[in-house]
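File shown: coords.pdb (PDB, C-alpha atoms).
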```pdb
ATOM      1  CA  MET A   1       0.000   0.000   0.000
ATOM      2  CA  ILE A   2       1.303   3.427  -0.982
ATOM      3  CA  THR A   3       0.558   6.412   1.252
ATOM      4  CA  VAL A   4      -0.046   9.677  -0.604
ATOM      5  CA  LEU A   5       0.282  12.835   1.489
ATOM      6  CA  GLY A   6       0.599  16.587   1.174
ATOM      7  CA  HIS A   7       1.875  19.232   3.565
ATOM      8  CA  LYS A   8       0.917  20.148   7.111
ATOM      9  CA  SER A   9      -1.912  22.713   7.539
ATOM     10  CA  PRO A  10      -3.627  21.231   4.485
ATOM     11  CA  ASP A  11      -5.365  23.598   2.088
ATOM     12  CA  THR A  12      -7.529  22.426  -0.802
ATOM     13  CA  ASP A  13      -4.605  21.326  -2.991
ATOM     14  CA  ALA A  14      -2.867  19.452  -0.148
ATOM     15  CA  THR A  15      -6.186  17.818   0.808
ATOM     16  CA  CYS A  16      -7.518  16.845  -2.608
ATOM     17  CA  SER A  17      -4.330  16.085  -4.548
ATOM     18  CA  PRO A  18      -3.593  13.040  -2.342
ATOM     19  CA  ILE A  19      -7.133  11.834  -3.070
ATOM     20  CA  ILE A  20      -6.678  12.380  -6.805
ATOM     21  CA  TRP A  21      -3.323  10.612  -6.989
ATOM     22  CA  ALA A  22      -4.384   7.735  -4.736
ATOM     23  CA  TRP A  23      -7.340   7.187  -7.096
ATOM     24  CA  TYR A  24      -5.001   7.198 -10.106
ATOM     25  CA  LEU A  25      -2.521   4.769  -8.572
ATOM     26  CA  THR A  26      -5.277   2.414  -7.431
ATOM     27  CA  ALA A  27      -7.727   2.569 -10.337
ATOM     28  CA  ILE A  28      -5.398   3.133 -13.293
ATOM     29  CA  LYS A  29      -2.015   1.784 -12.229
ATOM     30  CA  HIS A  30      -3.512  -1.076 -10.189
ATOM     31  CA  THR A  31      -1.233  -0.191  -7.290
ATOM     32  CA  PRO A  32      -3.178   0.114  -4.030
ATOM     33  CA  ALA A  33      -2.800   3.568  -2.506
ATOM     34  CA  ARG A  34      -4.434   5.586   0.253
ATOM     35  CA  PRO A  35      -4.642   9.357   0.743
ATOM     36  CA  VAL A  36      -3.838  10.793   4.163
ATOM     37  CA  LEU A  37      -3.667  14.268   5.707
ATOM     38  CA  LEU A  38      -1.204  15.844   8.130
ATOM     39  CA  GLY A  39      -3.863  17.891   9.912
ATOM     40  CA  LYS A  40      -7.457  19.046   9.713
ATOM     41  CA  PRO A  41      -8.324  20.503   6.304
ATOM     42  CA  ASN A  42      -9.104  24.204   6.203
ATOM     43  CA  THR A  43     -12.688  25.409   5.780
ATOM     44  CA  GLU A  44     -12.514  25.533   1.991
ATOM     45  CA  ALA A  45     -11.013  22.057   1.723
ATOM     46  CA  ALA A  46     -13.600  20.686   4.161
ATOM     47  CA  PHE A  47     -16.327  22.251   2.005
ATOM     48  CA  VAL A  48     -14.940  20.531  -1.110
ATOM     49  CA  LEU A  49     -14.843  17.145   0.607
ATOM     50  CA  LYS A  50     -18.454  17.502   1.722
ATOM     51  CA  ARG A  51     -19.702  19.101  -1.513
ATOM     52  CA  TRP A  52     -18.502  16.193  -3.654
ATOM     53  CA  SER A  53     -18.912  13.380  -1.068
ATOM     54  CA  LEU A  54     -15.205  12.600  -1.151
ATOM     55  CA  GLY A  55     -14.809  11.627   2.489
ATOM     56  CA  GLU A  56     -12.112  13.035   4.729
ATOM     57  CA  PRO A  57      -8.862  11.044   4.529
ATOM     58  CA  GLU A  58      -7.290   9.716   7.696
ATOM     59  CA  ILE A  59      -5.198  12.256   9.587
ATOM     60  CA  ILE A  60      -1.788  10.921  10.591
ATOM     61  CA  ALA A  61       0.983  12.310  12.793
ATOM     62  CA  ASP A  62       3.893  10.370  11.295
ATOM     63  CA  VAL A  63       4.914   7.684   8.845
ATOM     64  CA  ALA A  64       6.410   4.301   9.630
ATOM     65  CA  PRO A  65       9.973   3.228   8.762
ATOM     66  CA  GLY A  66       9.994   1.778   5.257
ATOM     67  CA  GLU A  67       6.434   2.899   4.485
ATOM     68  CA  LYS A  68       6.008   3.625   0.772
ATOM     69  CA  VAL A  69       5.149   7.308   0.370
ATOM     70  CA  VAL A  70       4.351   9.660  -2.493
ATOM     71  CA  ILE A  71       4.653  13.332  -1.496
ATOM     72  CA  VAL A  72       2.454  15.892  -3.247
ATOM     73  CA  ASP A  73       2.204  19.695  -3.097
ATOM     74  CA  THR A  74       5.476  20.114  -1.183
ATOM     75  CA  ASN A  75       9.057  18.900  -1.074
ATOM     76  CA  ASN A  76       9.993  20.703   2.138
ATOM     77  CA  PRO A  77      10.859  18.407   5.081
ATOM     78  CA  ALA A  78       9.638  21.078   7.525
ATOM     79  CA  GLU A  79       6.119  20.557   6.150
ATOM     80  CA  LEU A  80       6.238  16.759   6.309
ATOM     81  CA  PRO A  81       6.041  14.057   9.003
ATOM     82  CA  PRO A  82       9.034  14.003  11.371
ATOM     83  CA  SER A  83      10.090  10.520  10.218
ATOM     84  CA  ILE A  84       9.778  11.195   6.485
ATOM     85  CA  ASN A  85      13.428  10.309   5.876
ATOM     86  CA  ASP A  86      12.897   6.905   7.504
ATOM     87  CA  ALA A  87      10.044   6.132   5.105
ATOM     88  CA  ASN A  88      10.504   4.859   1.567
ATOM     89  CA  VAL A  89       9.712   7.935  -0.507
ATOM     90  CA  ILE A  90       9.024   6.721  -4.040
ATOM     91  CA  GLY A  91       7.710   9.885  -5.694
ATOM     92  CA  ILE A  92       7.248  13.654  -5.420
ATOM     93  CA  ILE A  93       4.771  15.765  -7.402
ATOM     94  CA  ASP A  94       5.007  19.466  -6.644
ATOM     95  CA  HIS A  95       4.918  23.034  -7.919
ATOM     96  CA  HIS A  96       7.077  24.771  -5.288
ATOM     97  CA  MET A  97      10.765  25.653  -5.281
ATOM     98  CA  LEU A  98      13.129  22.789  -4.468
ATOM     99  CA  ALA A  99      13.838  22.884  -0.733
ATOM    100  CA  GLY A 100      16.179  19.895  -0.365
ATOM    101  CA  GLY A 101      16.625  17.646   2.639
ATOM    102  CA  ILE A 102      14.504  14.628   1.665
ATOM    103  CA  LYS A 103      16.482  11.376   1.589
ATOM    104  CA  THR A 104      15.385   8.451  -0.560
ATOM    105  CA  ARG A 105      16.397   4.801  -0.673
ATOM    106  CA  ALA A 106      16.666   4.638  -4.462
ATOM    107  CA  PRO A 107      16.154   6.842  -7.520
ATOM    108  CA  ILE A 108      12.567   8.095  -7.598
ATOM    109  CA  ASP A 109      10.097   9.826  -9.890
ATOM    110  CA  ILE A 110      10.123  13.566  -9.212
ATOM    111  CA  THR A 111       7.957  16.028 -11.104
ATOM    112  CA  ILE A 112       8.232  19.689 -10.132
ATOM    113  CA  ARG A 113       6.783  22.117 -12.650
ATOM    114  CA  PRO A 114       6.250  25.902 -12.610
ATOM    115  CA  LEU A 115       2.465  25.684 -12.578
ATOM    116  CA  ALA A 116      -0.003  27.171 -10.105
ATOM    117  CA  CYS A 117      -1.363  23.882  -8.830
ATOM    118  CA  THR A 118      -0.254  20.324  -8.130
ATOM    119  CA  ALA A 119      -3.530  19.017  -9.558
ATOM    120  CA  THR A 120      -2.706  20.584 -12.934
ATOM    121  CA  ILE A 121       0.530  18.588 -12.991
ATOM    122  CA  MET A 122      -1.399  15.431 -12.100
ATOM    123  CA  HIS A 123      -3.772  16.038 -15.009
ATOM    124  CA  ASP A 124      -0.763  16.168 -17.335
ATOM    125  CA  LEU A 125       0.877  13.083 -15.833
ATOM    126  CA  MET A 126      -2.327  11.095 -16.304
ATOM    127  CA  GLY A 127      -2.416  11.897 -20.021
ATOM    128  CA  GLU A 128      -5.316  10.201 -21.765
ATOM    129  CA  ASP A 129      -6.255   8.450 -18.520
ATOM    130  CA  ALA A 130      -7.448  11.793 -17.132
ATOM    131  CA  ALA A 131     -10.642  11.235 -19.127
ATOM    132  CA  ARG A 132     -11.342   8.199 -16.924
ATOM    133  CA  MET A 133     -11.595  10.243 -13.730
ATOM    134  CA  PRO A 134     -15.015   9.871 -12.087
ATOM    135  CA  GLU A 135     -16.960  13.058 -11.498
ATOM    136  CA  PRO A 136     -15.961  13.549  -7.825
ATOM    137  CA  ILE A 137     -12.253  13.264  -8.702
ATOM    138  CA  LYS A 138     -12.668  15.750 -11.567
ATOM    139  CA  CYS A 139     -14.468  18.090  -9.162
ATOM    140  CA  ALA A 140     -11.611  17.745  -6.683
ATOM    141  CA  MET A 141      -9.115  18.610  -9.417
ATOM    142  CA  LEU A 142     -11.110  21.651 -10.532
ATOM    143  CA  SER A 143     -11.407  22.775  -6.905
ATOM    144  CA  CYS A 144      -7.640  22.574  -6.422
ATOM    145  CA  ILE A 145      -6.921  24.701  -9.475
ATOM    146  CA  LEU A 146      -9.533  27.359  -8.706
ATOM    147  CA  SER A 147      -8.336  27.530  -5.105
ATOM    148  CA  ASP A 148      -4.616  27.765  -5.842
ATOM    149  CA  THR A 149      -5.113  30.299  -8.644
ATOM    150  CA  LEU A 150      -7.754  32.284  -6.712
ATOM    151  CA  GLU A 151      -9.964  31.915  -9.790
ATOM    152  CA  PHE A 152      -7.044  32.895 -12.059
ATOM    153  CA  ARG A 153      -6.279  36.094 -10.073
ATOM    154  CA  SER A 154      -3.039  34.821  -8.563
ATOM    155  CA  PRO A 155       0.190  35.760 -10.376
ATOM    156  CA  THR A 156       1.149  32.074 -10.213
ATOM    157  CA  THR A 157      -1.621  31.262 -12.707
ATOM    158  CA  THR A 158      -0.430  30.019 -16.091
ATOM    159  CA  PRO A 159      -2.458  29.702 -19.295
ATOM    160  CA  HIS A 160      -2.195  25.941 -18.876
ATOM    161  CA  ASP A 161      -3.740  25.985 -15.378
ATOM    162  CA  ARG A 162      -6.611  28.007 -16.771
ATOM    163  CA  ALA A 163      -7.059  25.747 -19.809
ATOM    164  CA  VAL A 164      -7.221  22.608 -17.657
ATOM    165  CA  ALA A 165      -9.711  24.224 -15.265
ATOM    166  CA  GLU A 166     -11.927  25.408 -18.106
ATOM    167  CA  LYS A 167     -11.814  21.956 -19.726
ATOM    168  CA  LEU A 168     -12.835  20.267 -16.470
ATOM    169  CA  ALA A 169     -15.600  22.807 -15.799
ATOM    170  CA  LEU A 170     -17.000  22.289 -19.294
ATOM    171  CA  GLU A 171     -17.017  18.504 -18.872
ATOM    172  CA  LEU A 172     -18.700  18.830 -15.478
ATOM    173  CA  GLY A 173     -21.208  21.498 -16.528
ATOM    174  CA  ILE A 174     -19.984  23.781 -13.730
ATOM    175  CA  SER A 175     -19.873  27.587 -13.888
ATOM    176  CA  ILE A 176     -16.377  28.589 -12.786
ATOM    177  CA  ALA A 177     -17.534  31.967 -11.472
ATOM    178  CA  ASP A 178     -20.378  30.496  -9.427
ATOM    179  CA  TYR A 179     -18.353  27.619  -8.046
ATOM    180  CA  ALA A 180     -15.362  29.824  -7.197
ATOM    181  CA  ALA A 181     -17.726  32.071  -5.242
ATOM    182  CA  GLU A 182     -18.802  29.016  -3.225
ATOM    183  CA  LEU A 183     -15.170  28.083  -2.582
ATOM    184  CA  PHE A 184     -14.175  31.555  -1.449
ATOM    185  CA  ALA A 185     -17.219  31.890   0.804
ATOM    186  CA  ALA A 186     -16.158  28.679   2.534
ATOM    187  CA  LYS A 187     -12.541  29.860   2.699
ATOM    188  CA  SER A 188     -13.648  33.145   4.286
ATOM    189  CA  ASP A 189     -15.687  31.561   7.089
ATOM    190  CA  VAL A 190     -13.189  31.550   9.953
ATOM    191  CA  SER A 191     -15.570  32.373  12.796
ATOM    192  CA  ALA A 192     -15.144  28.998  14.490
ATOM    193  CA  PHE A 193     -11.357  29.193  14.779
ATOM    194  CA  SER A 194      -9.187  30.527  17.589
ATOM    195  CA  GLU A 195      -6.459  33.054  16.891
ATOM    196  CA  ALA A 196      -3.766  30.383  17.192
ATOM    197  CA  GLU A 197      -5.656  28.170  14.742
ATOM    198  CA  LEU A 198      -5.946  31.032  12.259
ATOM    199  CA  LEU A 199      -2.224  31.718  12.485
ATOM    200  CA  ARG A 200      -1.484  28.079  11.631
ATOM    201  CA  MET A 201      -4.334  27.481   9.150
ATOM    202  CA  ASP A 202      -2.360  28.178   5.968
ATOM    203  CA  SER A 203       1.153  28.487   7.249
ATOM    204  CA  LYS A 204       4.643  27.488   6.193
ATOM    205  CA  GLU A 205       8.009  27.687   7.923
ATOM    206  CA  TYR A 206      10.994  29.459   6.367
ATOM    207  CA  GLU A 207      14.414  30.613   7.497
ATOM    208  CA  VAL A 208      15.400  34.091   6.348
ATOM    209  CA  ALA A 209      18.755  35.591   7.354
ATOM    210  CA  GLY A 210      18.995  33.322  10.371
ATOM    211  CA  LYS A 211      15.441  34.050  11.529
ATOM    212  CA  GLN A 212      12.875  31.261  11.697
ATOM    213  CA  LEU A 213       9.641  32.675  10.292
ATOM    214  CA  ARG A 214       6.167  31.142  10.248
ATOM    215  CA  VAL A 215       4.623  32.783   7.187
ATOM    216  CA  SER A 216       0.845  32.584   7.390
ATOM    217  CA  VAL A 217      -1.681  33.586   4.730
ATOM    218  CA  LEU A 218      -5.439  33.967   5.086
ATOM    219  CA  GLU A 219      -7.167  34.330   1.722
ATOM    220  CA  THR A 220     -10.623  35.828   2.035
ATOM    221  CA  THR A 221     -13.353  37.823   0.333
ATOM    222  CA  ALA A 222     -14.157  39.397   3.711
ATOM    223  CA  PRO A 223     -10.855  40.737   5.089
ATOM    224  CA  ALA A 224     -12.639  43.054   7.533
ATOM    225  CA  VAL A 225     -13.835  39.993   9.471
ATOM    226  CA  VAL A 226     -10.240  38.855  10.036
ATOM    227  CA  LEU A 227      -8.822  42.338  10.590
ATOM    228  CA  ALA A 228     -11.450  43.007  13.271
ATOM    229  CA  ARG A 229      -9.505  40.418  15.302
ATOM    230  CA  LYS A 230      -6.055  41.908  14.635
ATOM    231  CA  ALA A 231      -5.339  42.802  18.275
ATOM    232  CA  GLU A 232      -6.126  39.255  19.390
ATOM    233  CA  LEU A 233      -4.164  37.772  16.475
ATOM    234  CA  MET A 234      -1.091  39.841  17.271
ATOM    235  CA  ALA A 235      -1.378  38.951  20.957
ATOM    236  CA  ALA A 236      -1.379  35.260  20.016
ATOM    237  CA  MET A 237       1.705  35.486  17.794
ATOM    238  CA  PRO A 238       4.409  35.185  20.500
ATOM    239  CA  GLY A 239       2.837  32.049  21.949
ATOM    240  CA  VAL A 240       2.471  30.398  18.546
ATOM    241  CA  ALA A 241       6.054  31.339  17.644
ATOM    242  CA  THR A 242       7.397  29.881  20.898
ATOM    243  CA  GLU A 243       5.408  26.656  20.569
ATOM    244  CA  ASP A 244       6.486  26.197  16.941
ATOM    245  CA  GLY A 245      10.140  27.124  17.405
ATOM    246  CA  ALA A 246       9.891  30.293  15.334
ATOM    247  CA  ASP A 247      11.257  33.767  15.938
ATOM    248  CA  GLN A 248       8.214  35.479  14.448
ATOM    249  CA  VAL A 249       4.826  34.826  12.873
ATOM    250  CA  LEU A 250       3.984  36.879   9.798
ATOM    251  CA  LEU A 251       0.288  37.080   8.915
ATOM    252  CA  PHE A 252      -0.778  38.265   5.471
ATOM    253  CA  VAL A 253      -4.536  38.740   5.028
ATOM    254  CA  VAL A 254      -5.109  38.435   1.280
ATOM    255  CA  ASP A 255      -8.154  40.220  -0.129
ATOM    256  CA  ILE A 256      -9.079  38.027  -3.090
ATOM    257  CA  LEU A 257     -11.376  40.586  -4.719
ATOM    258  CA  ARG A 258      -9.207  43.708  -4.253
ATOM    259  CA  GLU A 259      -6.060  41.720  -5.065
ATOM    260  CA  GLU A 260      -3.962  43.004  -2.187
ATOM    261  CA  ALA A 261      -2.585  41.808   1.141
ATOM    262  CA  THR A 262      -2.633  43.396   4.564
ATOM    263  CA  LEU A 263       0.322  42.480   6.771
ATOM    264  CA  LEU A 264      -0.141  42.700  10.527
ATOM    265  CA  VAL A 265       2.744  44.608  12.140
ATOM    266  CA  PRO A 266       2.993  43.747  15.853
ATOM    267  CA  ASN A 267       6.592  44.892  16.457
ATOM    268  CA  ASP A 268       9.725  46.507  15.058
ATOM    269  CA  LEU A 269      11.007  43.232  13.546
ATOM    270  CA  VAL A 270       7.944  42.863  11.327
ATOM    271  CA  LYS A 271       8.070  46.574  10.497
ATOM    272  CA  ARG A 272      11.670  46.130   9.385
ATOM    273  CA  ILE A 273      10.771  43.055   7.335
ATOM    274  CA  ALA A 274       7.864  44.854   5.644
ATOM    275  CA  GLU A 275       9.927  47.871   4.703
ATOM    276  CA  ALA A 276      12.967  45.889   3.547
ATOM    277  CA  SER A 277      10.988  43.262   1.645
ATOM    278  CA  PHE A 278       8.194  45.217  -0.004
ATOM    279  CA  GLY A 279       9.421  48.816  -0.023
ATOM    280  CA  ALA A 280       6.455  49.709   2.175
ATOM    281  CA  LYS A 281       6.244  52.618   4.595
ATOM    282  CA  VAL A 282       4.753  51.302   7.825
ATOM    283  CA  MET A 283       2.865  53.879   9.889
ATOM    284  CA  GLY A 284       0.787  51.688  12.204
ATOM    285  CA  ASP A 285       0.046  48.085  13.122
ATOM    286  CA  THR A 286      -0.939  47.084   9.584
ATOM    287  CA  VAL A 287       0.351  47.821   6.109
ATOM    288  CA  VAL A 288      -1.460  47.245   2.815
ATOM    289  CA  LEU A 289       0.595  45.667   0.032
ATOM    290  CA  PRO A 290      -1.141  46.233  -3.330
ATOM    291  CA  GLY A 291      -0.972  43.349  -5.789
ATOM    292  CA  ILE A 292       0.506  40.899  -3.268
ATOM    293  CA  MET A 293      -1.452  37.642  -3.393
ATOM    294  CA  SER A 294       0.980  34.728  -3.652
ATOM    295  CA  ARG A 295       3.181  33.507  -0.810
ATOM    296  CA  LYS A 296       5.095  31.253  -3.212
ATOM    297  CA  LYS A 297       5.799  33.795  -5.940
ATOM    298  CA  GLN A 298       5.599  37.218  -4.283
ATOM    299  CA  ILE A 299       6.094  36.912  -0.520
ATOM    300  CA  ILE A 300       8.741  34.258   0.148
ATOM    301  CA  PRO A 301      11.173  35.353  -2.621
ATOM    302  CA  ALA A 302      10.969  38.967  -1.385
ATOM    303  CA  LEU A 303      11.490  38.383   2.339
ATOM    304  CA  LYS A 304      14.438  40.217   3.882
ATOM    305  CA  VAL A 305      15.219  40.867   7.523
TER     306      VAL A 305
END
```
What is this structure when it is put down as C-alpha cells?
Amino acid sequence: MITVLGHKSPDTDATCSPIIWAWYLTAIKHTPARPVLLGKPNTEAAFVLKRWSLGEPEIIADVAPGEKVVIVDTNNPAELPPSINDANVIGIIDHHMLAGGIKTRAPIDITIRPLACTATIMHDLMGEDAARMPEPIKCAMLSCILSDTLEFRSPTTTPHDRAVAEKLALELGISIADYAAELFAAKSDVSAFSEAELLRMDSKEYEVAGKQLRVSVLETTAPAVVLARKAELMAAMPGVATEDGADQVLLFVVDILREEATLLVPNDLVKRIAEASFGAKVMGDTVVLPGIMSRKKQIIPALKV
C-alpha cells in the first residue's frame, strides 16, 4: 500500500491532490494507494470534501519506517512528518521551489513544474487516462486549481492551469464563477477558529537571514472579518512562535477581490521586514501591500530581515 500525502496545515490542494493521486494509482495503475492528511483541512477544503462526497482522509501524525510514500504539493521536510526520511519515498509531485533535505532509498520519480497547482501537474501526468476520472475526482481537481489560482487572479496562474480548469468545468457542466464564489465563501468563514488556529491554518516555515519565520496567509473575500480580530491575532503570535520554534509569525490577510494583502505589524522586527521586503512605509500596526497575493511567488522570494 502506498501512502499519498501533502503538507501540514492542508489547504484544498494538499487535501484533494492526495485523493486524486491515490485514485489514479489504485484505479489506473492497479497499485493500491491511500490518501492521508497531516492535519485538519481548512474550511474551503472541508467544504470541497463535503460538496462532492469525497470523504475526509485519515489524519496521521507520522509515517512508519519503510512505508512507501508519495509526497504531493510540497518537497519541504519542515512541512512533512518528522520521520519522512525513515520512510521509503518513491515519488514527489510538486509546484514549489526545491527545498532539499529529503532522503530516498533509491532513484525516484520527481515532477516539479512551474504551474499554479499540483492538480494541474497530475492532469498532465495522467495523459489520456485523465478522461477516466469519475466526477468527484474531476471536481476535486477543478477545486484545487480554482483555489490555488484564486480563480485565475493569482500571479502564479499560467495559461495551462486556466485551460485545464476550463476543460474540467465544461465537462462537469460547472460555472467557474459560481463555483469559485462558493469556494471563497467557505474559505472566508473563519468564525469557528481561535487566533492560534488562524495563524497556523495556511502556514509554512521558512528561514530568512537566520530568523525562523512562520509565514501565514489567510485568503478571504471578507478581510474586515479577520482584521477586526487583529489585536487578538497579534497577541497570540508570541505564543504560537514559541510553541512552533519560530522567531516570528507573519500574517498576510489576502483580499481576493481587491487583489492586495494586509500584513499585521505587531513589532519593530515585522516593520523592518515589511519595509525591507516590499518597499512599504509602515505607519501603524498594519500595512497594505497592493498586488501581493501569492506567498510562493511574491512573498517568500521577497522576504528580507
Within 12 Å of Ala274 in chain A using all atoms listed in the file, minus same-chain residues under 2 positions, as a count of residues only: 35
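CA of Pro81 in chain A sits 13.4 Å away from CA of Gly66 in chain A.
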Pick from A:Ile121, A:Met1, A:Val48, A:Val226, whichever lies nearest to Glu195 in chain A using only C-alpha atoms: A:Val226
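The space between CA of Ile93 in chain A and CA of Trp23 in chain A spans 14.8 Å.
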Find the residues near Val225 in chain A: any atom within 12 Å, counting all atoms listed in the file, skip ones fewer than 2 places away on the same chain, and give them as a list in words. Ser188, Asp189, Val190, Ser191, Leu218, Glu219, Thr220, Thr221, Ala222, Pro223, Leu227, Ala228, Arg229, Lys230, Val253 and Asp255 of chain A
Can you spell out as an mmCIF file with C-alpha atoms, in the coordinates of the input the set of residues that the PyMOL selection byres ((chain A and resi 17) around 9) selects in the structure I just provided?
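Now in selection.cif:
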```cif
data_model
loop_
_atom_site.group_PDB
_atom_site.id
_atom_site.type_symbol
_atom_site.label_atom_id
_atom_site.label_comp_id
_atom_site.auth_asym_id
_atom_site.auth_seq_id
_atom_site.Cartn_x
_atom_site.Cartn_y
_atom_site.Cartn_z
ATOM 1 C CA VAL A 4 -0.046 9.677 -0.604
ATOM 2 C CA LEU A 5 0.282 12.835 1.489
ATOM 3 C CA GLY A 6 0.599 16.587 1.174
ATOM 4 C CA THR A 12 -7.529 22.426 -0.802
ATOM 5 C CA ASP A 13 -4.605 21.326 -2.991
ATOM 6 C CA ALA A 14 -2.867 19.452 -0.148
ATOM 7 C CA THR A 15 -6.186 17.818 0.808
ATOM 8 C CA CYS A 16 -7.518 16.845 -2.608
ATOM 9 C CA PRO A 18 -3.593 13.040 -2.342
ATOM 10 C CA ILE A 19 -7.133 11.834 -3.070
ATOM 11 C CA ILE A 20 -6.678 12.380 -6.805
ATOM 12 C CA TRP A 21 -3.323 10.612 -6.989
ATOM 13 C CA ALA A 22 -4.384 7.735 -4.736
ATOM 14 C CA PRO A 35 -4.642 9.357 0.743
ATOM 15 C CA VAL A 72 2.454 15.892 -3.247
ATOM 16 C CA ASP A 73 2.204 19.695 -3.097
ATOM 17 C CA THR A 118 -0.254 20.324 -8.130
ATOM 18 C CA ALA A 119 -3.530 19.017 -9.558
ATOM 19 C CA MET A 122 -1.399 15.431 -12.100
ATOM 20 C CA ALA A 140 -11.611 17.745 -6.683
ATOM 21 C CA MET A 141 -9.115 18.610 -9.417
ATOM 22 C CA CYS A 144 -7.640 22.574 -6.422
#
```
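Between CA of Glu67 in chain A and CA of Asn88 in chain A the interatomic distance comes to 5.4 Å.
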Please determine, counting all atoms listed in the file, which residue among A:Glu44, A:Lys103, A:Pro159, A:Ile2 has the shortest atom-to-atom distance to Lys29 in chain A. A:Ile2
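The smallest atom-to-atom distance between Lys40 in chain A and any of A:Met201, A:Ala116, A:Leu146, A:Leu213, using all atoms listed in the file, is found for A:Met201.
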Please enclose the listed atoms of range 134-138 of chain A in an axis-aligned box, pad each side by 8 Å, and write out the centre and the three edge lengths in Å, rounded to one decimal, as JSON.
```
{"center_x": -14.6, "center_y": 12.8, "center_z": -10.0, "size_x": 20.7, "size_y": 21.9, "size_z": 20.3}
```
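A cut-off of 6 Å from the point (-4.8, 16.9, 4.2), with all atoms listed in the file, picks out the residues Pro10, Ala14, Thr15, Leu37, Leu38, Gly39 and Pro41 of chain A.
With distances taken over all atoms listed in the file, A:Val36 is the one residue among A:Val36, A:Ala131, A:Glu243, A:Asp202 lying closest to Pro57 in chain A.
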Applying the PyMOL selection byres ((chain A and resi 241) around 12) to the file I just gave you, which residues come out? Please list them as a ChimeraX atom specification. /A:196,199-200,203,205,211-216,234-240,242-251
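Closest approach to Phe193 in chain A among A:Leu233, A:Ile84, A:Ala177, A:Ala169 is made by A:Leu233 (distances from all atoms listed in the file).
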